[in-house]
Amino acid sequence: MSNRFSTISFIDDATPGLYDCAMPLPLLRTLSLVILMSITTAPVAIASPEALALDTSGRFAFRRLDTGDGLSGDSVYCMLQDRLGYLWLGTFSGLSRYDGSRVVVYRPVPGDPESLPSSLIFDLHEDSTGTLWIATDGGGLARYSRDSDAFERFAHDQADTGSIGSDRIFSVADDPYGWIWVGTADAGLDRFDTEQSRFLHYGTKDGLPSGTVRSLLCDAEGVLWAGTTAGLARYDRERDAFRPVPAVGGSTVRALMEDSGGNILVGTEGAGVFRLDPATGKATRVDLGPDSGTLLARAFALDITGRIWVGTEDQGMRILDPANGSVVRLRAEPDRPDGLSHDAIRALLVDRSGLVWAGTRGGGAAAYNPRSRAVTRLLAGSDSPPAEMRQILQARDGLLWLATDGGGLLRTTADGTVIARYRHDPLDPASLPGDRIVCLAEDADGSLWVGTDGAGLARLDPATGRFERFRRNPDDPGSLAGDTVWALLIDSQDTLWVGLEGGGLDRHDPTANRFTHHQPVPGDESSLGGFSVRALLEDKRGRLWIGLWDGGLTLWDRAADRAVARFKPSNDTGSLADASVTCLFEDSSGSLWVGTGGSGIDRVVEGYGLIRFEHLDAGQGLAGNDIVGVLEDADGRVWIVSGTGLSRYDGADGSIRTWGPADGFQSRFSQNAWTTLLDGRFLIGGPEGIDLIRPGDLTHPDAPPRC
């Protein structure tokens, strides 16, 4: 067996993947597997019908697939989803088969007649029998066998009139009669008889406007349409000939699609898009904006909302809503992680889960989820947010307190309407001590404690709007131990605990208005495990857990005022995964979750007087290993927030599903900027504002079928 591939390895902990599980691949002929470790959402899976929230806004977010993910090339000229759920992408550097977590690349192999005949792929087509046909430039036509994982070649032979007319193939289609139609670059149109394995040739003498056939379509009535470099033609089966369609003019026809009303959309080279009525033969130009009459349309797709997507040569995409005639112009934003990667659109596809795929020249492929508008962005205007969100706290009155990194403190309604802003005023000692706010805690009397980055701690009296400040004073042992406050907790005994960067843990004495300090003592296992406290939590049993950036996890006995256990990574598989703890969360079942800075998340398991840790990370499907928050929905499912995505863990079956920027979320989330509102909705903050979701509104395509 010859090797038809080059081996590539790819691991990505930053970008959510596209499937919940990997589809087993045929084992008959070993090809390269490019393993994408971020495996979660399933764009090419077969999805069951659901009532879903759909995007009706003008904001579009894409998830990209390119050579960095193992794709054979970044110029994607054709795409197809086969009946098994695989996504096939034809590029100018080979053929790729994608199952959502792995890419298999096919290329020509010298001396192997069963390898792909050419790396330049112009079209892909699956016929009514499930056979995959590949149109290549220079290698003729290829038929793929799933059983042998090999290709059968059909090449032009000057000595054989029954061979294919040319080795330069632009398009492929089949009709209800079992014929395969093949559009060539320079020899007209061929009809392939699969039983006789012979090609019959059609040219200008048979009514074709030109000998170059760029596009083919067999409509719902079984009529074959051929787009040539000199206009459109319709096949007349009774005459076994073609009739030109003068209504669309004589421009090159690059794209054909039947719309929901049975009309034929005709995309031309420089004359825009026409809508043709097959019954009357009349055509009207589709209004896609002021340049409608000069657009070069390369591809069409009809999405699950009924919108028509038009891919252009170098003007990005136009998205037409036939219901009201509105048109969205969508241009490339290559510098935006979730933006369209290129303006040159070569192919469009709507897969069976409803995702819209765009193949570009030079920018790989990109997938858009029309269901992504289950996410609402709060505080995303030009005036706000003034800075990155750092913490979100819903007060007892239902209003929100928002900590920002550089924009001070905000008080808003639950829908993001700003009620009050608090900023640092260097001339007012009763103002906010600094605008870089890290953490918040509400006292029993309604006072708000505010931890800052470098400006100490403050207590706000909401009634007066005045702040009482607490700073580190080296000459006062009862002052705050540090000026950067990373975590605040008011426990069940109304005691304030203050987690400091480099200063350990402070406990506030409200009577004396002073602080008691807890810091590591070398050799003393009853002391704090590190100097940098990032998270504090009191569990349902009244125990205090302390998450440290530099020392793992410490369990603290408040009565004895000492550590009773310290946890750090070790060679034991049941030990804590990472010494850098970022967040802590206790779910409704009483399980403690420990988020880490780079090793995913751990769940604390207690039994027989022992504590051990169970790990989840990106290798098991999380959006990333940098955990910044944890939430729980009304059904008891745990939602894990990483820097670049959101993952839902279902403890009942262990499944993990993930969403990210391509699903409408912002490109990055901030540490500890998350909360669950009283009505069960989630708020997750970052540099672009706050993403508001109702967990039940987030949908997910089903996993692919198993072969």
# chains A, B, ... in the order shown; residues from 1 in each chain; ligands from 1

call {"tool": "residues_around", "arguments": {"residues": "Gln391 (chain A)", "least_positions_apart": "5", "cutoff": "12 Å", "atoms": "only C-alpha atoms", "output": "VMD selection string"}}
result
chain A and resid 400 to 405 408 to 410 436 to 441 450 to 452 486 to 488 583 628 to 629 669 to 675 683 to 687 689 to 690

call {"tool": "residues_around", "arguments": {"residues": "Leu536 (chain A)", "least_positions_apart": "6", "cutoff": "10 Å", "atoms": "only C-alpha atoms", "output": "ChimeraX atom specification"}}
result
/A:486-491,497-499,505,544-548,553-554,582-585

call {"tool": "select_by_dssp", "arguments": {"residues": "region 27-267 of chain A", "states": "helix (DSSP H, G or I)", "output": "list of chain:residue names"}}
result
A:Thr67, A:Gly68, A:Asp69, A:Thr204, A:Lys205, A:Asp206, A:Pro246, A:Ala247, A:Val248

call {"tool": "residues_around", "arguments": {"residues": "Ser580 (chain A)", "least_positions_apart": "5", "cutoff": "10 Å", "atoms": "only C-alpha atoms", "output": "short mmCIF file (atom, residue, chain, number, x, y, z; two decimals) with all heavy atoms, in the first residue's frame"}}
result
data_model
loop_
_atom_site.label_atom_id
_atom_site.label_comp_id
_atom_site.auth_asym_id
_atom_site.auth_seq_id
_atom_site.Cartn_x
_atom_site.Cartn_y
_atom_site.Cartn_z
N SER A 532 -0.39 34.52 47.07
CA SER A 532 -1.30 35.18 46.13
C SER A 532 -2.64 34.46 46.10
O SER A 532 -2.79 33.39 45.51
CB SER A 532 -0.69 35.21 44.72
OG SER A 532 0.51 35.97 44.72
N VAL A 533 -3.63 35.07 46.75
CA VAL A 533 -4.96 34.47 46.87
C VAL A 533 -5.83 34.96 45.72
O VAL A 533 -6.06 36.17 45.57
CB VAL A 533 -5.61 34.82 48.22
CG1 VAL A 533 -7.01 34.26 48.30
CG2 VAL A 533 -4.74 34.30 49.36
N ARG A 534 -6.34 34.02 44.90
CA ARG A 534 -7.17 34.39 43.75
C ARG A 534 -8.65 34.05 43.94
O ARG A 534 -9.49 34.56 43.20
CB ARG A 534 -6.65 33.68 42.49
CG ARG A 534 -5.29 34.16 42.03
CD ARG A 534 -5.36 35.63 41.61
NE ARG A 534 -4.06 36.16 41.24
CZ ARG A 534 -3.57 36.17 40.00
NH1 ARG A 534 -4.28 35.65 39.02
NH2 ARG A 534 -2.40 36.69 39.76
N GLY A 547 -8.17 29.51 47.18
CA GLY A 547 -7.46 29.20 45.94
C GLY A 547 -6.31 30.15 45.74
O GLY A 547 -6.48 31.38 45.79
N LEU A 548 -5.13 29.60 45.50
CA LEU A 548 -3.91 30.40 45.42
C LEU A 548 -3.29 30.30 44.03
O LEU A 548 -3.27 29.23 43.41
CB LEU A 548 -2.89 29.92 46.46
CG LEU A 548 -3.37 30.06 47.91
CD1 LEU A 548 -3.03 28.82 48.71
CD2 LEU A 548 -2.76 31.30 48.54
N TRP A 549 -2.79 31.41 43.55
CA TRP A 549 -2.12 31.42 42.25
C TRP A 549 -0.74 30.75 42.34
O TRP A 549 -0.26 30.20 41.36
CB TRP A 549 -1.97 32.86 41.75
CG TRP A 549 -1.39 32.97 40.39
CD1 TRP A 549 -0.17 33.46 40.04
CD2 TRP A 549 -2.01 32.58 39.16
NE1 TRP A 549 0.02 33.40 38.69
CE2 TRP A 549 -1.11 32.86 38.11
CE3 TRP A 549 -3.24 32.02 38.84
CZ2 TRP A 549 -1.39 32.60 36.78
CZ3 TRP A 549 -3.53 31.76 37.50
CH2 TRP A 549 -2.61 32.05 36.49
N ASP A 550 -0.16 30.80 43.53
CA ASP A 550 1.20 30.28 43.69
C ASP A 550 1.28 29.13 44.69
O ASP A 550 2.38 28.78 45.12
CB ASP A 550 2.14 31.41 44.14
CG ASP A 550 1.72 32.03 45.47
OD1 ASP A 550 0.56 31.79 45.90
OD2 ASP A 550 2.54 32.75 46.07
N GLY A 551 0.14 28.54 45.03
CA GLY A 551 0.24 27.50 46.06
C GLY A 551 -0.90 26.52 46.09
O GLY A 551 -1.15 25.88 47.12
N GLY A 552 -1.64 26.38 44.99
CA GLY A 552 -2.70 25.39 44.94
C GLY A 552 -3.92 25.76 45.76
O GLY A 552 -4.43 26.89 45.69
N LEU A 553 -4.38 24.85 46.60
CA LEU A 553 -5.63 24.99 47.33
C LEU A 553 -5.38 24.74 48.82
O LEU A 553 -4.70 23.79 49.19
CB LEU A 553 -6.65 23.99 46.79
CG LEU A 553 -8.07 24.01 47.34
CD1 LEU A 553 -8.78 25.31 46.97
CD2 LEU A 553 -8.84 22.80 46.80
N LYS A 568 -1.58 20.42 46.43
CA LYS A 568 -0.76 20.84 45.30
C LYS A 568 -0.59 19.66 44.35
O LYS A 568 -0.84 18.52 44.72
CB LYS A 568 0.60 21.34 45.77
CG LYS A 568 0.56 22.64 46.57
CD LYS A 568 1.95 23.11 46.93
CE LYS A 568 1.91 24.42 47.71
NZ LYS A 568 3.27 24.90 48.06
N PRO A 569 -0.17 19.91 43.10
CA PRO A 569 0.06 18.80 42.17
C PRO A 569 1.16 17.88 42.66
O PRO A 569 2.11 18.30 43.32
CB PRO A 569 0.48 19.51 40.87
CG PRO A 569 0.00 20.91 41.01
CD PRO A 569 0.06 21.22 42.47
N VAL A 594 -12.69 23.34 41.15
CA VAL A 594 -11.48 24.15 41.29
C VAL A 594 -10.95 24.45 39.89
O VAL A 594 -10.41 23.58 39.20
CB VAL A 594 -10.42 23.40 42.12
CG1 VAL A 594 -9.19 24.30 42.33
CG2 VAL A 594 -11.00 22.94 43.44
N GLY A 595 -11.11 25.71 39.44
CA GLY A 595 -10.59 26.11 38.13
C GLY A 595 -9.13 26.47 38.23
O GLY A 595 -8.69 27.09 39.21
N THR A 596 -8.36 26.10 37.21
CA THR A 596 -6.92 26.37 37.23
C THR A 596 -6.52 27.26 36.05
O THR A 596 -7.26 27.43 35.10
CB THR A 596 -6.09 25.07 37.18
OG1 THR A 596 -6.14 24.52 35.86
CG2 THR A 596 -6.63 24.05 38.18
N GLY A 597 -5.32 27.79 36.15
CA GLY A 597 -4.84 28.71 35.13
C GLY A 597 -4.40 28.07 33.84
O GLY A 597 -4.29 28.76 32.82
N GLY A 598 -4.14 26.78 33.83
CA GLY A 598 -3.65 26.16 32.60
C GLY A 598 -3.86 24.68 32.49
O GLY A 598 -3.40 24.06 31.53
N SER A 599 -4.55 24.06 33.45
CA SER A 599 -4.72 22.61 33.44
C SER A 599 -6.18 22.18 33.54
O SER A 599 -6.49 21.11 34.04
CB SER A 599 -3.91 21.99 34.58
OG SER A 599 -2.55 22.30 34.47
#

call {"tool": "atom_distance", "arguments": {"atom1": "CA of Val245 (chain A)", "atom2": "CA of Leu265 (chain A)"}}
result
12.9 Å

call {"tool": "closest_residue", "arguments": {"among": "A:Thr294, A:Gln315, A:Thr204, A:Thr284", "to": "Pro244 (chain A)", "atoms": "only C-alpha atoms"}}
result
A:Thr204

call {"tool": "select_by_dssp", "arguments": {"residues": "region 563-630 of chain A", "states": "strand (DSSP E)", "output": "PyMOL selection string"}}
result
chain A and resi 563-567+581-586+592-596+601-607+610-616+627-630

call {"tool": "residues_around", "arguments": {"residues": "Gly446 (chain A)", "least_positions_apart": "3", "cutoff": "9 Å", "atoms": "only C-alpha atoms", "output": "PyMOL selection string"}}
result
chain A and resi 395-396+442-443+461-462

call {"tool": "write_last_selection", "arguments": {"atoms": "C-alpha atoms", "output": "compact mmCIF listing (two decimals), in the first residue's frame"}}
result
# COMPACT_ATOMS: atom_id res chain seq x y z
CA ALA A 395 -27.04 42.84 44.75
CA ARG A 396 -29.92 41.93 47.02
CA GLU A 442 -21.91 43.00 49.41
CA ASP A 443 -22.17 43.29 53.19
CA ASP A 461 -21.97 53.45 51.35
CA PRO A 462 -24.54 53.36 48.52

call {"tool": "residues_around", "arguments": {"residues": "region 249-253 of chain A", "least_positions_apart": "2", "cutoff": "8 Å", "atoms": "only C-alpha atoms", "output": "ChimeraX atom specification"}}
result
/A:214-215,227-232,245-247,255-256,266-271

call {"tool": "residues_around", "arguments": {"residues": "region 106-110 of chain A", "least_positions_apart": "3", "cutoff": "7 Å", "atoms": "only C-alpha atoms", "output": "tab-separated table (two decimals) with all heavy atoms, in the first residue's frame"}}
result
chain	number	residue	atom	x	y	z
A	4	ARG	N	-0.42	8.00	0.67
A	4	ARG	CA	-1.01	9.08	-0.12
A	4	ARG	C	-1.15	10.34	0.70
A	4	ARG	O	-2.07	11.11	0.52
A	4	ARG	CB	-2.37	8.64	-0.63
A	4	ARG	CG	-2.29	7.38	-1.48
A	4	ARG	CD	-3.66	6.89	-1.81
A	4	ARG	NE	-3.54	5.60	-2.49
A	4	ARG	CZ	-4.50	4.71	-2.53
A	4	ARG	NH1	-5.64	4.95	-1.94
A	4	ARG	NH2	-4.34	3.58	-3.17
A	5	PHE	N	-0.29	10.56	1.64
A	5	PHE	CA	-0.50	11.68	2.55
A	5	PHE	C	0.80	12.13	3.14
A	5	PHE	O	1.81	11.45	3.10
A	5	PHE	CB	-1.45	11.27	3.67
A	5	PHE	CG	-0.93	10.11	4.48
A	5	PHE	CD1	-0.14	10.33	5.59
A	5	PHE	CD2	-1.22	8.81	4.11
A	5	PHE	CE1	0.34	9.26	6.33
A	5	PHE	CE2	-0.73	7.74	4.85
A	5	PHE	CZ	0.05	7.96	5.95
A	94	GLY	N	-5.27	19.83	-2.73
A	94	GLY	CA	-5.74	18.50	-2.37
A	94	GLY	C	-7.18	18.50	-1.87
A	94	GLY	O	-7.86	19.54	-1.83
A	95	LEU	N	-7.62	17.33	-1.47
A	95	LEU	CA	-8.98	17.11	-0.99
A	95	LEU	C	-8.94	16.80	0.50
A	95	LEU	O	-8.13	16.00	0.95
A	95	LEU	CB	-9.60	15.94	-1.77
A	95	LEU	CG	-11.01	15.50	-1.40
A	95	LEU	CD1	-12.02	16.60	-1.68
A	95	LEU	CD2	-11.37	14.21	-2.16
A	96	SER	N	-9.83	17.44	1.25
A	96	SER	CA	-9.88	17.23	2.70
A	96	SER	C	-11.23	16.65	3.10
A	96	SER	O	-12.27	17.08	2.59
A	96	SER	CB	-9.65	18.54	3.44
A	96	SER	OG	-8.36	19.07	3.18
A	115	SER	N	-4.71	6.77	-6.18
A	115	SER	CA	-4.69	8.01	-5.41
A	115	SER	C	-5.43	9.09	-6.20
A	115	SER	O	-5.81	8.91	-7.36
A	115	SER	CB	-3.25	8.44	-5.13
A	115	SER	OG	-2.58	8.80	-6.32
A	116	LEU	N	-5.65	10.23	-5.57
A	116	LEU	CA	-6.31	11.35	-6.22
A	116	LEU	C	-5.51	11.77	-7.45
A	116	LEU	O	-4.29	11.91	-7.38
A	116	LEU	CB	-6.42	12.51	-5.21
A	116	LEU	CG	-7.32	13.68	-5.57
A	116	LEU	CD1	-8.78	13.24	-5.56
A	116	LEU	CD2	-7.10	14.82	-4.58
A	117	PRO	N	-6.16	12.00	-8.60
A	117	PRO	CA	-5.40	12.28	-9.82
A	117	PRO	C	-4.81	13.68	-9.89
A	117	PRO	O	-3.88	13.92	-10.67
A	117	PRO	CB	-6.43	12.07	-10.94
A	117	PRO	CG	-7.75	12.28	-10.30
A	117	PRO	CD	-7.60	11.79	-8.89
A	118	SER	N	-5.35	14.64	-9.13
A	118	SER	CA	-4.83	16.00	-9.17
A	118	SER	C	-5.15	16.68	-7.85
A	118	SER	O	-6.14	16.37	-7.19
A	118	SER	CB	-5.47	16.80	-10.32
A	118	SER	OG	-5.14	18.17	-10.24
A	119	SER	N	-4.30	17.64	-7.46
A	119	SER	CA	-4.53	18.38	-6.21
A	119	SER	C	-5.46	19.57	-6.41
A	119	SER	O	-5.89	20.18	-5.43
A	119	SER	CB	-3.19	18.88	-5.64
A	119	SER	OG	-2.41	17.83	-5.16

call {"tool": "atom_distance", "arguments": {"atom1": "CA of Leu631 (chain A)", "atom2": "CA of Tyr422 (chain A)"}}
result
27.8 Å

call {"tool": "closest_residue", "arguments": {"among": "A:Gly362, A:Ala481, A:Lys205, A:Asp291", "to": "His508 (chain A)", "atoms": "only C-alpha atoms"}}
result
A:Ala481

call {"tool": "residues_around", "arguments": {"residues": "Asp157 (chain A)", "least_positions_apart": "4", "cutoff": "12 Å", "atoms": "only C-alpha atoms", "output": "number ranges by chain"}}
result
A: 140, 153, 161-167, 198-199

call {"tool": "write_last_selection", "arguments": {"atoms": "N, CA, C and O atoms", "output": "PDB file, in the first residue's frame"}}
result
ATOM      1  N   GLY A 140      -8.647  15.052 -14.742  1.00  0.00           N
ATOM      2  CA  GLY A 140      -9.889  14.430 -15.156  1.00  0.00           C
ATOM      3  C   GLY A 140     -10.880  14.288 -14.016  1.00  0.00           C
ATOM      4  O   GLY A 140     -10.882  15.057 -13.046  1.00  0.00           O
ATOM      5  N   ARG A 153      -9.954   6.663 -11.607  1.00  0.00           N
ATOM      6  CA  ARG A 153      -9.709   7.810 -12.465  1.00  0.00           C
ATOM      7  C   ARG A 153     -10.377   7.649 -13.827  1.00  0.00           C
ATOM      8  O   ARG A 153     -10.410   6.560 -14.394  1.00  0.00           O
ATOM      9  N   THR A 161     -12.975   7.409 -28.238  1.00  0.00           N
ATOM     10  CA  THR A 161     -14.039   8.412 -28.325  1.00  0.00           C
ATOM     11  C   THR A 161     -15.024   8.310 -27.162  1.00  0.00           C
ATOM     12  O   THR A 161     -15.785   9.244 -26.911  1.00  0.00           O
ATOM     13  N   GLY A 162     -15.012   7.188 -26.471  1.00  0.00           N
ATOM     14  CA  GLY A 162     -15.904   7.018 -25.330  1.00  0.00           C
ATOM     15  C   GLY A 162     -15.292   7.457 -24.025  1.00  0.00           C
ATOM     16  O   GLY A 162     -15.924   7.324 -22.969  1.00  0.00           O
ATOM     17  N   SER A 163     -14.067   7.990 -24.071  1.00  0.00           N
ATOM     18  CA  SER A 163     -13.439   8.494 -22.845  1.00  0.00           C
ATOM     19  C   SER A 163     -13.929   9.907 -22.567  1.00  0.00           C
ATOM     20  O   SER A 163     -14.579  10.545 -23.409  1.00  0.00           O
ATOM     21  N   ILE A 164     -13.611  10.426 -21.418  1.00  0.00           N
ATOM     22  CA  ILE A 164     -14.031  11.771 -21.050  1.00  0.00           C
ATOM     23  C   ILE A 164     -13.409  12.776 -22.017  1.00  0.00           C
ATOM     24  O   ILE A 164     -12.287  12.580 -22.523  1.00  0.00           O
ATOM     25  N   GLY A 165     -14.149  13.871 -22.288  1.00  0.00           N
ATOM     26  CA  GLY A 165     -13.717  14.788 -23.332  1.00  0.00           C
ATOM     27  C   GLY A 165     -12.515  15.633 -22.988  1.00  0.00           C
ATOM     28  O   GLY A 165     -11.836  16.140 -23.876  1.00  0.00           O
ATOM     29  N   SER A 166     -12.240  15.819 -21.708  1.00  0.00           N
ATOM     30  CA  SER A 166     -11.119  16.661 -21.290  1.00  0.00           C
ATOM     31  C   SER A 166     -10.690  16.260 -19.888  1.00  0.00           C
ATOM     32  O   SER A 166     -11.477  15.680 -19.134  1.00  0.00           O
ATOM     33  N   ASP A 167      -9.446  16.580 -19.555  1.00  0.00           N
ATOM     34  CA  ASP A 167      -8.964  16.333 -18.189  1.00  0.00           C
ATOM     35  C   ASP A 167      -9.146  17.552 -17.287  1.00  0.00           C
ATOM     36  O   ASP A 167      -8.825  17.503 -16.107  1.00  0.00           O
ATOM     37  N   ARG A 198     -19.034   4.704 -20.312  1.00  0.00           N
ATOM     38  CA  ARG A 198     -18.713   5.450 -21.522  1.00  0.00           C
ATOM     39  C   ARG A 198     -19.247   6.876 -21.393  1.00  0.00           C
ATOM     40  O   ARG A 198     -20.248   7.134 -20.730  1.00  0.00           O
ATOM     41  N   PHE A 199     -18.589   7.790 -22.060  1.00  0.00           N
ATOM     42  CA  PHE A 199     -18.971   9.196 -22.058  1.00  0.00           C
ATOM     43  C   PHE A 199     -19.534   9.588 -23.422  1.00  0.00           C
ATOM     44  O   PHE A 199     -18.969   9.244 -24.470  1.00  0.00           O
TER      45      PHE A 199
END

call {"tool": "closest_residue", "arguments": {"among": "A:His156, A:Arg361, A:Arg612, A:His342", "to": "Arg566 (chain A)", "atoms": "only C-alpha atoms"}}
result
A:Arg612

call {"tool": "closest_residue", "arguments": {"among": "A:Gly363, A:Gly523, A:Gly478, A:Gly454", "to": "Val76 (chain A)", "atoms": "only C-alpha atoms"}}
result
A:Gly363

call {"tool": "atom_distance", "arguments": {"atom1": "CA of Tyr144 (chain A)", "atom2": "CA of Val182 (chain A)"}}
result
15.6 Å

call {"tool": "closest_atom_pairs", "arguments": {"of": "region 145-249 of chain A", "to": "region 111-114 of chain A", "cutoff": "8 Å", "atoms": "only C-alpha atoms", "output": "CSV"}}
result
residue,atom,partner,partner_atom,distance
A:Ala150,CA,A:Glu114,CA,5.3
A:Phe151,CA,A:Glu114,CA,4.9
A:Glu152,CA,A:Glu114,CA,6.0
A:Arg153,CA,A:Glu114,CA,7.5
